[in-house]
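Have a look at model_34.tsv below; it lists TSV, C-alpha atoms.
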```tsv
chain	number	residue	atom	x	y	z
A	1	MET	CA	20.96	12.91	0.63
A	2	ASN	CA	22.59	10.93	-2.13
A	3	TYR	CA	22.13	7.29	-2.99
A	4	ASP	CA	24.34	5.04	-5.09
A	5	ASP	CA	23.70	2.16	-7.48
A	6	SER	CA	22.70	-0.17	-4.66
A	7	LEU	CA	19.45	1.80	-4.49
A	8	TRP	CA	18.41	0.30	-7.86
A	9	LEU	CA	19.10	-3.18	-6.48
A	10	ILE	CA	16.86	-2.37	-3.50
A	11	PHE	CA	14.12	-1.19	-5.92
A	12	LEU	CA	14.39	-4.45	-7.86
A	13	LEU	CA	14.15	-6.50	-4.66
A	14	ILE	CA	11.15	-4.49	-3.41
A	15	GLY	CA	9.64	-4.96	-6.88
A	16	LEU	CA	10.09	-8.73	-6.55
A	17	ALA	CA	8.59	-8.62	-3.05
A	18	THR	CA	5.57	-6.94	-4.67
A	19	THR	CA	5.17	-8.85	-7.94
A	20	LEU	CA	5.77	-12.38	-6.60
A	21	PRO	CA	2.88	-12.31	-4.08
A	22	ARG	CA	0.69	-10.83	-6.83
A	23	ALA	CA	1.77	-13.51	-9.31
A	24	SER	CA	1.71	-16.49	-6.92
A	25	PHE	CA	-1.74	-17.97	-7.46
A	26	ILE	CA	-2.43	-16.25	-10.78
A	27	LEU	CA	0.49	-18.25	-12.21
A	28	LEU	CA	-0.15	-21.47	-10.29
A	29	GLY	CA	-3.83	-21.45	-11.18
A	30	SER	CA	-6.49	-22.43	-8.69
A	31	ARG	CA	-5.09	-25.95	-8.20
A	32	VAL	CA	-3.27	-24.79	-5.08
A	33	ALA	CA	-5.12	-23.03	-2.23
A	34	LEU	CA	-4.08	-21.27	0.98
A	35	PRO	CA	-5.25	-22.93	4.21
A	36	PRO	CA	-8.04	-20.82	5.79
A	37	PHE	CA	-6.10	-20.08	9.00
A	38	VAL	CA	-3.16	-18.74	6.96
A	39	GLN	CA	-5.53	-16.50	4.99
A	40	ARG	CA	-6.97	-15.19	8.25
A	41	ALA	CA	-3.55	-14.49	9.80
A	42	LEU	CA	-2.27	-12.79	6.61
A	43	ARG	CA	-5.08	-10.25	6.76
A	44	TYR	CA	-3.48	-8.72	9.86
A	45	ALA	CA	-0.03	-8.27	8.29
A	46	PRO	CA	-0.61	-4.88	6.58
A	47	ALA	CA	-2.29	-3.28	9.64
A	48	ALA	CA	0.45	-4.50	11.99
A	49	ALA	CA	3.21	-3.40	9.60
A	50	LEU	CA	1.74	0.04	8.85
A	51	ALA	CA	1.28	0.75	12.56
A	52	ALA	CA	4.83	-0.43	13.29
A	53	ILE	CA	6.11	2.08	10.73
A	54	VAL	CA	3.84	5.05	11.52
A	55	VAL	CA	3.51	5.06	15.32
A	56	PRO	CA	7.26	5.36	16.14
A	57	ASP	CA	7.50	8.10	13.52
A	58	VAL	CA	4.95	10.30	15.30
A	59	VAL	CA	5.68	9.64	19.00
A	60	LEU	CA	9.50	9.42	19.02
A	61	VAL	CA	11.63	12.54	18.75
A	62	ALA	CA	15.36	11.91	18.25
A	63	GLY	CA	14.94	8.37	19.58
A	64	SER	CA	13.04	9.11	22.78
A	65	LEU	CA	9.33	8.98	23.58
A	66	GLN	CA	7.85	12.46	23.37
A	67	PRO	CA	4.05	12.43	23.33
A	68	PHE	CA	3.69	16.20	22.91
A	69	ASN	CA	5.35	17.02	19.60
A	70	PRO	CA	4.24	18.82	16.42
A	71	LYS	CA	4.10	15.61	14.32
A	72	LEU	CA	1.75	13.86	16.74
A	73	ALA	CA	-0.56	16.89	16.87
A	74	ALA	CA	-0.59	16.97	13.05
A	75	ALA	CA	-1.28	13.23	12.90
A	76	VAL	CA	-4.19	13.59	15.34
A	77	ALA	CA	-5.64	16.36	13.15
A	78	ALA	CA	-5.34	14.16	10.05
A	79	VAL	CA	-7.03	11.23	11.82
A	80	ALA	CA	-9.89	13.41	13.10
A	81	VAL	CA	-10.54	14.86	9.65
A	82	ALA	CA	-10.32	11.46	7.93
A	83	LEU	CA	-12.83	9.94	10.38
A	84	ARG	CA	-15.25	12.84	9.97
A	85	TRP	CA	-15.14	13.50	6.19
A	86	ARG	CA	-14.76	11.22	3.17
A	87	ASN	CA	-12.78	13.77	1.12
A	88	PRO	CA	-9.40	12.23	0.10
A	89	TRP	CA	-7.51	15.58	0.18
A	90	LEU	CA	-8.66	16.92	3.57
A	91	PRO	CA	-6.42	14.77	5.83
A	92	PHE	CA	-3.35	16.03	3.95
A	93	ILE	CA	-4.47	19.66	4.12
A	94	ALA	CA	-5.41	19.49	7.82
A	95	GLY	CA	-2.29	17.54	8.87
A	96	MET	CA	0.11	19.80	6.98
A	97	ALA	CA	-1.70	22.95	8.18
A	98	VAL	CA	-1.34	21.88	11.83
A	99	LEU	CA	2.32	20.90	11.34
A	100	LEU	CA	3.24	24.14	9.56
A	101	ALA	CA	1.24	26.32	11.98
A	102	GLN	CA	3.36	24.92	14.80
A	103	ARG	CA	6.63	25.21	12.84
A	104	PHE	CA	6.21	28.72	11.55
A	105	GLY	CA	3.47	30.20	13.74
A	106	LEU	CA	4.68	29.01	17.12
A	107	GLY	CA	8.33	28.39	16.21
A	108	TRP	CA	8.42	24.76	17.54
B	1	MET	CA	-7.86	-7.89	-31.27
B	2	GLN	CA	-11.08	-9.78	-30.52
B	3	ALA	CA	-14.37	-7.90	-30.50
B	4	SER	CA	-15.23	-9.48	-27.14
B	5	PHE	CA	-11.91	-8.22	-25.70
B	6	ARG	CA	-12.85	-4.67	-26.66
B	7	GLU	CA	-16.33	-5.13	-25.26
B	8	GLY	CA	-14.92	-6.42	-21.94
B	9	ALA	CA	-12.39	-3.58	-21.87
B	10	ARG	CA	-15.14	-0.97	-22.22
B	11	GLU	CA	-17.18	-2.60	-19.46
B	12	GLY	CA	-14.19	-2.98	-17.09
B	13	PHE	CA	-13.11	0.61	-17.65
B	14	ARG	CA	-16.62	1.85	-16.84
B	15	VAL	CA	-16.83	-0.26	-13.65
B	16	ALA	CA	-13.42	0.74	-12.26
B	17	LEU	CA	-13.32	4.40	-13.34
B	18	PRO	CA	-14.80	5.96	-10.15
B	19	GLN	CA	-12.35	4.28	-7.76
B	20	SER	CA	-9.37	4.96	-10.05
B	21	ILE	CA	-9.80	8.71	-9.41
B	22	GLY	CA	-8.94	7.98	-5.76
B	23	LEU	CA	-5.44	7.01	-6.94
B	24	ILE	CA	-4.60	10.63	-7.82
B	25	PRO	CA	-3.83	12.02	-4.32
B	26	TRP	CA	-1.87	8.85	-3.44
B	27	ALA	CA	0.24	9.05	-6.57
B	28	LEU	CA	0.98	12.75	-5.94
B	29	VAL	CA	1.96	12.12	-2.31
B	30	THR	CA	4.11	9.13	-3.26
B	31	GLY	CA	5.91	11.23	-5.87
B	32	VAL	CA	6.54	14.01	-3.35
B	33	ALA	CA	7.68	11.52	-0.67
B	34	MET	CA	10.26	9.88	-2.93
B	35	VAL	CA	11.84	13.24	-3.81
B	36	THR	CA	11.89	14.45	-0.20
B	37	ALA	CA	13.56	11.12	0.72
B	38	GLY	CA	16.44	12.36	-1.45
B	39	PHE	CA	15.82	10.43	-4.69
B	40	THR	CA	16.59	12.06	-8.03
B	41	PRO	CA	13.57	12.29	-10.39
B	42	LEU	CA	15.01	9.33	-12.34
B	43	GLN	CA	15.37	7.21	-9.20
B	44	ALA	CA	11.89	8.18	-8.02
B	45	MET	CA	10.22	7.25	-11.31
B	46	GLY	CA	12.39	4.11	-11.49
B	47	MET	CA	11.00	2.97	-8.15
B	48	ASN	CA	7.50	3.98	-9.24
B	49	VAL	CA	7.65	1.79	-12.37
B	50	ILE	CA	9.52	-1.15	-10.83
B	51	VAL	CA	7.50	-1.42	-7.62
B	52	PHE	CA	4.08	0.02	-8.66
B	53	ALA	CA	2.54	-0.36	-5.17
B	54	GLY	CA	1.88	2.77	-3.10
B	55	VAL	CA	1.80	1.09	0.30
B	56	ALA	CA	5.08	-0.77	-0.30
B	57	GLN	CA	6.72	2.39	-1.69
B	58	LEU	CA	5.60	4.70	1.15
B	59	GLY	CA	6.21	2.01	3.78
B	60	THR	CA	9.80	1.27	2.79
B	61	LEU	CA	10.84	4.92	2.30
B	62	PRO	CA	11.43	5.66	6.03
B	63	LEU	CA	13.61	2.53	6.25
B	64	ILE	CA	15.62	3.49	3.16
B	65	VAL	CA	16.11	7.04	4.51
B	66	ALA	CA	17.25	5.65	7.88
B	67	GLY	CA	19.82	3.45	6.13
B	68	ALA	CA	18.21	0.21	7.37
B	69	PRO	CA	19.82	-3.05	6.18
B	70	PRO	CA	18.42	-4.32	2.83
B	71	TRP	CA	16.99	-7.52	4.32
B	72	LEU	CA	14.83	-5.47	6.68
B	73	ILE	CA	13.61	-3.25	3.82
B	74	ILE	CA	12.73	-6.30	1.69
B	75	THR	CA	11.05	-8.13	4.59
B	76	THR	CA	8.93	-5.08	5.38
B	77	ALA	CA	7.93	-4.75	1.70
B	78	LEU	CA	7.01	-8.44	1.65
B	79	VAL	CA	4.87	-8.14	4.78
B	80	LEU	CA	3.08	-5.07	3.40
B	81	ASN	CA	2.37	-7.06	0.22
B	82	LEU	CA	1.12	-10.26	1.86
B	83	ARG	CA	-2.44	-9.16	1.15
B	84	PHE	CA	-1.69	-9.69	-2.56
B	85	LEU	CA	-1.25	-13.43	-1.84
B	86	ILE	CA	-4.91	-13.47	-0.80
B	87	PHE	CA	-6.02	-11.34	-3.79
B	88	SER	CA	-4.01	-13.56	-6.11
B	89	ALA	CA	-5.58	-16.71	-4.67
B	90	ALA	CA	-9.07	-15.20	-4.93
B	91	ILE	CA	-8.78	-14.03	-8.56
B	92	ALA	CA	-6.65	-16.92	-9.90
B	93	ARG	CA	-9.58	-18.77	-11.50
B	94	GLY	CA	-10.35	-15.65	-13.56
B	95	PHE	CA	-7.14	-16.31	-15.53
B	96	ARG	CA	-8.02	-19.85	-16.65
B	97	ASP	CA	-7.15	-20.51	-20.34
B	98	ILE	CA	-4.87	-17.45	-20.40
B	99	GLY	CA	-1.17	-17.67	-21.34
B	100	ALA	CA	1.75	-17.35	-18.91
B	101	GLY	CA	3.12	-14.10	-20.38
B	102	VAL	CA	-0.19	-12.30	-20.00
B	103	ARG	CA	-0.54	-13.74	-16.48
B	104	TRP	CA	2.82	-12.18	-15.51
B	105	LEU	CA	1.72	-8.82	-16.92
B	106	SER	CA	-1.64	-9.11	-15.14
B	107	SER	CA	0.14	-9.95	-11.88
B	108	TYR	CA	2.41	-6.91	-12.09
B	109	LEU	CA	-0.67	-4.74	-12.66
B	110	LEU	CA	-2.77	-6.20	-9.80
B	111	ILE	CA	-3.92	-3.45	-7.40
B	112	ASP	CA	-6.50	-3.25	-4.61
B	113	GLY	CA	-9.05	-1.08	-6.42
B	114	VAL	CA	-9.23	-3.06	-9.68
B	115	PHE	CA	-9.26	-6.32	-7.74
B	116	ALA	CA	-12.26	-5.18	-5.71
B	117	ALA	CA	-14.15	-3.79	-8.71
B	118	CYS	CA	-13.52	-6.65	-11.16
B	119	LEU	CA	-13.27	-9.83	-9.07
B	120	GLU	CA	-16.85	-11.03	-9.39
B	121	LYS	CA	-17.17	-10.88	-13.21
B	122	MET	CA	-13.63	-12.27	-13.65
B	123	LEU	CA	-14.73	-15.46	-11.93
B	124	THR	CA	-18.08	-15.93	-13.63
B	125	GLU	CA	-17.57	-14.79	-17.26
B	126	GLU	CA	-16.88	-17.68	-19.64
B	127	ASP	CA	-15.33	-15.80	-22.63
B	128	ARG	CA	-11.61	-15.50	-21.87
B	129	HIS	CA	-11.07	-12.57	-24.26
B	130	TRP	CA	-13.87	-10.64	-22.58
B	131	ARG	CA	-12.45	-11.46	-19.12
B	132	LEU	CA	-8.96	-10.31	-20.09
B	133	GLY	CA	-10.20	-7.02	-21.57
B	134	TYR	CA	-12.34	-6.47	-18.50
B	135	TYR	CA	-9.26	-6.83	-16.25
B	136	LEU	CA	-6.55	-5.22	-18.38
B	137	ALA	CA	-8.34	-2.00	-19.39
B	138	PRO	CA	-8.84	-0.61	-15.86
B	139	SER	CA	-5.45	-2.03	-14.78
B	140	VAL	CA	-3.50	-0.28	-17.56
B	141	TRP	CA	-5.55	2.90	-17.00
B	142	SER	CA	-4.71	2.83	-13.27
B	143	TRP	CA	-1.05	2.23	-14.07
B	144	LEU	CA	-1.02	5.29	-16.35
B	145	LEU	CA	-2.76	7.48	-13.75
B	146	TRP	CA	-0.28	6.31	-11.11
B	147	GLN	CA	2.77	7.11	-13.25
B	148	ILE	CA	1.49	10.48	-14.51
B	149	PHE	CA	0.48	11.83	-11.11
B	150	ALA	CA	3.55	10.45	-9.34
B	151	LEU	CA	5.64	12.31	-11.94
B	152	THR	CA	3.59	15.44	-11.22
B	153	GLY	CA	4.39	14.99	-7.51
B	154	VAL	CA	8.07	14.42	-8.27
B	155	LEU	CA	8.29	17.63	-10.32
B	156	ALA	CA	6.21	19.71	-7.88
B	157	ALA	CA	8.16	18.55	-4.81
B	158	GLY	CA	11.37	19.91	-6.31
B	159	ALA	CA	9.83	23.40	-6.30
B	160	ILE	CA	8.76	23.37	-2.63
B	161	PRO	CA	11.16	24.58	0.11
B	162	ARG	CA	12.60	21.88	2.44
B	163	SER	CA	11.44	23.77	5.54
B	164	TRP	CA	7.81	22.97	4.71
B	165	SER	CA	8.44	19.33	5.73
B	166	ILE	CA	6.15	18.00	3.00
B	167	GLU	CA	7.70	14.56	3.57
B	168	PHE	CA	5.20	14.35	6.43
B	169	MET	CA	2.50	13.82	3.77
B	170	ALA	CA	3.83	10.26	3.44
B	171	THR	CA	3.09	9.63	7.13
B	172	ILE	CA	-0.41	11.08	6.73
B	173	ALA	CA	-0.94	8.84	3.69
B	174	LEU	CA	-0.01	5.71	5.67
B	175	ILE	CA	-2.31	6.77	8.54
B	176	VAL	CA	-5.24	7.23	6.16
B	177	ILE	CA	-4.64	3.76	4.66
B	178	LEU	CA	-4.52	2.28	8.16
B	179	LEU	CA	-7.71	3.91	9.51
B	180	PRO	CA	-10.45	1.96	7.67
B	181	MET	CA	-8.65	-1.31	8.54
B	182	ALA	CA	-8.81	-0.50	12.26
B	183	LYS	CA	-12.63	-0.35	12.26
B	184	PHE	CA	-12.67	-4.14	12.61
B	185	ARG	CA	-11.88	-4.83	16.30
B	186	PRO	CA	-9.20	-7.58	15.91
B	187	MET	CA	-7.54	-5.46	13.21
B	188	LEU	CA	-7.37	-2.57	15.70
B	189	VAL	CA	-5.74	-4.94	18.21
B	190	ALA	CA	-3.18	-5.96	15.54
B	191	ALA	CA	-2.39	-2.32	14.73
B	192	ALA	CA	-2.22	-1.21	18.38
B	193	THR	CA	0.07	-4.11	19.28
B	194	GLY	CA	2.30	-3.56	16.24
B	195	GLY	CA	2.52	0.18	16.94
B	196	SER	CA	3.27	-0.11	20.67
B	197	LEU	CA	5.81	-2.89	20.24
B	198	ALA	CA	7.60	-0.86	17.57
B	199	VAL	CA	7.89	2.07	20.01
B	200	LEU	CA	8.98	-0.12	22.95
B	201	LEU	CA	11.55	-2.01	20.86
B	202	HIS	CA	12.91	0.91	18.81
B	203	GLY	CA	16.29	0.53	20.53
B	204	MET	CA	16.85	-2.99	19.20
B	205	PRO	CA	19.89	-3.35	16.90
B	206	LEU	CA	19.37	-3.32	13.10
B	207	ARG	CA	15.82	-2.04	13.71
B	208	LEU	CA	14.87	-5.63	14.43
B	209	GLY	CA	12.11	-4.19	16.63
B	210	VAL	CA	10.03	-3.44	13.51
B	211	ILE	CA	9.95	-7.11	12.50
B	212	VAL	CA	9.23	-8.31	16.06
B	213	ALA	CA	6.44	-5.69	16.28
B	214	ILE	CA	4.87	-6.85	13.00
B	215	ILE	CA	4.94	-10.53	14.02
B	216	GLY	CA	3.52	-9.61	17.45
B	217	GLY	CA	0.77	-7.54	15.80
B	218	ILE	CA	-0.27	-10.38	13.46
B	219	GLY	CA	-0.35	-12.80	16.41
B	220	ALA	CA	-2.38	-10.40	18.57
B	221	GLY	CA	-4.93	-9.81	15.78
B	222	PHE	CA	-5.29	-13.53	15.17
B	223	LEU	CA	-5.81	-14.21	18.90
B	224	ALA	CA	-8.29	-11.33	19.23
B	225	GLU	CA	-10.34	-12.74	16.33
B	226	HIS	CA	-10.22	-16.19	17.91
B	227	TRP	CA	-11.51	-14.89	21.27
B	228	GLN	CA	-14.14	-12.71	19.62
B	229	THR	CA	-15.65	-15.61	17.65
B	230	LYS	CA	-15.48	-17.89	20.72
B	231	ARG	CA	-17.33	-15.40	22.91
B	232	ALA	CA	-20.05	-14.66	20.36
B	233	PRO	CA	-20.82	-17.90	18.48
B	234	ALA	CA	-22.68	-17.10	15.26
```
Any chance you could put this one into structure tokens?
Amino acid sequence: MNYDDSLWLIFLLIGLATTLPRASFILLGSRVALPPFVQRALRYAPAAALAAIVVPDVVLVAGSLQPFNPKLAAAVAAVAVALRWRNPWLPFIAGMAVLLAQRFGLGW
Amino acid sequence: MQASFREGAREGFRVALPQSIGLIPWALVTGVAMVTAGFTPLQAMGMNVIVFAGVAQLGTLPLIVAGAPPWLIITTALVLNLRFLIFSAAIARGFRDIGAGVRWLSSYLLIDGVFAACLEKMLTEEDRHWRLGYYLAPSVWSWLLWQIFALTGVLAAGAIPRSWSIEFMATIALIVILLPMAKFRPMLVAAATGGSLAVLLHGMPLRLGVIVAIIGGIGAGFLAEHWQTKRAPA
């Protein structure tokens, strides 16, 4: 796939969307504070967003719900390994091994 | 350079060194993911330097690949980075008596690991040179690790055949970031709601379903926390 110059504009905008929240209170100083209920609600944003990105990726195949697919099996393996062991590399090894075993071993 | 700055730098580096090693697999995977998304090495490292936030980089990649409209990509990045608003608010007092230019640099460098390791001393130490060294040394070190190992991932990915589907490592990375969050019950509710809504609404035009799912997930988590604290008063 090829991307044009607009990709750099997207990078800059994502960069702003990253640096501005980081800079907000560090630049304003501690004179301004977030209301407690906003702080509590904001804590849920990353979990909700990550799940909204990941879950469709592993249960949808070509736009339709397909619970039995190689990606979901690989994801389940990665989750199981991550819950059981603290090693940061193991989920990647287990997930990719399950995915590739299905691709090449079983021809799915 | 002040002696107390160097002293703070040594101390901060020592405190944050163990967790900084955890950045290595993430940087590698992020590098690989950007190349398998179709970026040239220059584009990949450009994104890596400009954005410098693994979650935002990995989280926006699927949207960029799918050709989602820019506003959706930016909104998603913003939502993934909302936690930094809280970090920024928490650590702000640590930057008292420090100039605006250095505050901008410090903001760009702010990451989860250094924040967690350095917050306490940043708030209590009186010497501003010491405080700044204590924050900047591990931050710059983490930045270097991130760039070096992302570049390693970028170069290695180019040598791996497409049929190995190593882009799936990005999905695994996001799952592993999500898991520890979901141990807290309301957080699990937020993730489950966000995930299911995103699947149910995937047919919505302009991938609007993602945004609706995120808002729904935040609302569900907030309500779950509310009910939990009401049922079990501390």
Pull the closest atom pair for each residue of stretch 92-196 of chain B that gets at most 10 Å from stretch 47-56 of chain A, along with the distance in Å to one decimal, counting all atoms listed in the file, ordering rows by chain and then ascending residue number, as JSON lines.
```
{"residue": "B:Ala170", "atom": "CA", "partner": "A:Val54", "partner_atom": "CA", "distance": 9.6}
{"residue": "B:Thr171", "atom": "CA", "partner": "A:Val54", "partner_atom": "CA", "distance": 6.4}
{"residue": "B:Ile172", "atom": "CA", "partner": "A:Val54", "partner_atom": "CA", "distance": 8.8}
{"residue": "B:Ala173", "atom": "CA", "partner": "A:Val54", "partner_atom": "CA", "distance": 9.9}
{"residue": "B:Leu174", "atom": "CA", "partner": "A:Leu50", "partner_atom": "CA", "distance": 6.7}
{"residue": "B:Ile175", "atom": "CA", "partner": "A:Val54", "partner_atom": "CA", "distance": 7.0}
{"residue": "B:Ile177", "atom": "CA", "partner": "A:Leu50", "partner_atom": "CA", "distance": 8.5}
{"residue": "B:Leu178", "atom": "CA", "partner": "A:Ala47", "partner_atom": "CA", "distance": 6.2}
{"residue": "B:Leu179", "atom": "CA", "partner": "A:Ala47", "partner_atom": "CA", "distance": 9.0}
{"residue": "B:Pro180", "atom": "CA", "partner": "A:Ala47", "partner_atom": "CA", "distance": 9.9}
{"residue": "B:Met181", "atom": "CA", "partner": "A:Ala47", "partner_atom": "CA", "distance": 6.7}
{"residue": "B:Ala182", "atom": "CA", "partner": "A:Ala47", "partner_atom": "CA", "distance": 7.6}
{"residue": "B:Met187", "atom": "CA", "partner": "A:Ala47", "partner_atom": "CA", "distance": 6.7}
{"residue": "B:Leu188", "atom": "CA", "partner": "A:Ala47", "partner_atom": "CA", "distance": 7.9}
{"residue": "B:Val189", "atom": "CA", "partner": "A:Ala48", "partner_atom": "CA", "distance": 8.8}
{"residue": "B:Ala190", "atom": "CA", "partner": "A:Ala48", "partner_atom": "CA", "distance": 5.3}
{"residue": "B:Ala191", "atom": "CA", "partner": "A:Ala48", "partner_atom": "CA", "distance": 4.5}
{"residue": "B:Ala192", "atom": "CA", "partner": "A:Ala51", "partner_atom": "CA", "distance": 7.1}
{"residue": "B:Thr193", "atom": "CA", "partner": "A:Ala48", "partner_atom": "CA", "distance": 7.3}
{"residue": "B:Gly194", "atom": "CA", "partner": "A:Ala48", "partner_atom": "CA", "distance": 4.7}
{"residue": "B:Gly195", "atom": "CA", "partner": "A:Ala52", "partner_atom": "CA", "distance": 4.4}
{"residue": "B:Ser196", "atom": "CA", "partner": "A:Val55", "partner_atom": "CA", "distance": 7.4}
```
Inset, instruction - For chain B, report every residue with an atom at most 7 Å from chain A (counting only C-alpha atoms), formatted as a count of residues only. - result: 51
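Atom CA of B:Arg207 is positioned 28.4 Å from atom CA of B:Leu42.
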Determine the axis-aligned bounding box of all atoms of stretch 67-78 of chain A present in the file, pad each side by 5 Å, and express its centre and edge lengths in Å to one decimal place as JSON.
```
{"center_x": -0.1, "center_y": 15.6, "center_z": 16.7, "size_x": 21.0, "size_y": 16.4, "size_z": 23.3}
```
Distance query stretch 9-17 of chain B at most 8 Å, only C-alpha atoms, self and fewer than 6 positions along chain excluded, as a PDB file with C-alpha atoms, in the coordinates of the input:
```
ATOM      1  CA  GLY B 113      -9.050  -1.080  -6.420  1.00  0.00           C
ATOM      2  CA  VAL B 114      -9.230  -3.060  -9.680  1.00  0.00           C
ATOM      3  CA  ALA B 117     -14.150  -3.790  -8.710  1.00  0.00           C
ATOM      4  CA  CYS B 118     -13.520  -6.650 -11.160  1.00  0.00           C
ATOM      5  CA  TRP B 130     -13.870 -10.640 -22.580  1.00  0.00           C
ATOM      6  CA  LEU B 132      -8.960 -10.310 -20.090  1.00  0.00           C
ATOM      7  CA  GLY B 133     -10.200  -7.020 -21.570  1.00  0.00           C
ATOM      8  CA  TYR B 134     -12.340  -6.470 -18.500  1.00  0.00           C
ATOM      9  CA  TYR B 135      -9.260  -6.830 -16.250  1.00  0.00           C
ATOM     10  CA  LEU B 136      -6.550  -5.220 -18.380  1.00  0.00           C
ATOM     11  CA  ALA B 137      -8.340  -2.000 -19.390  1.00  0.00           C
ATOM     12  CA  PRO B 138      -8.840  -0.610 -15.860  1.00  0.00           C
ATOM     13  CA  TRP B 141      -5.550   2.900 -17.000  1.00  0.00           C
TER      14      TRP B 141
END
```
Legend entry - Between atom CA of B:Thr60 and atom CA of B:Leu23 - distance in Å to one decimal: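 Separation of atom CA of B:Leu23 and atom CA of B:Thr60: 19.0 Å.
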Legend entry - Separation of atom CA of B:Ile21 from atom CA of B:Arg6 in Å: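 Interatomic distance, atom CA of B:Arg6 to atom CA of B:Ile21: 22.0 Å.
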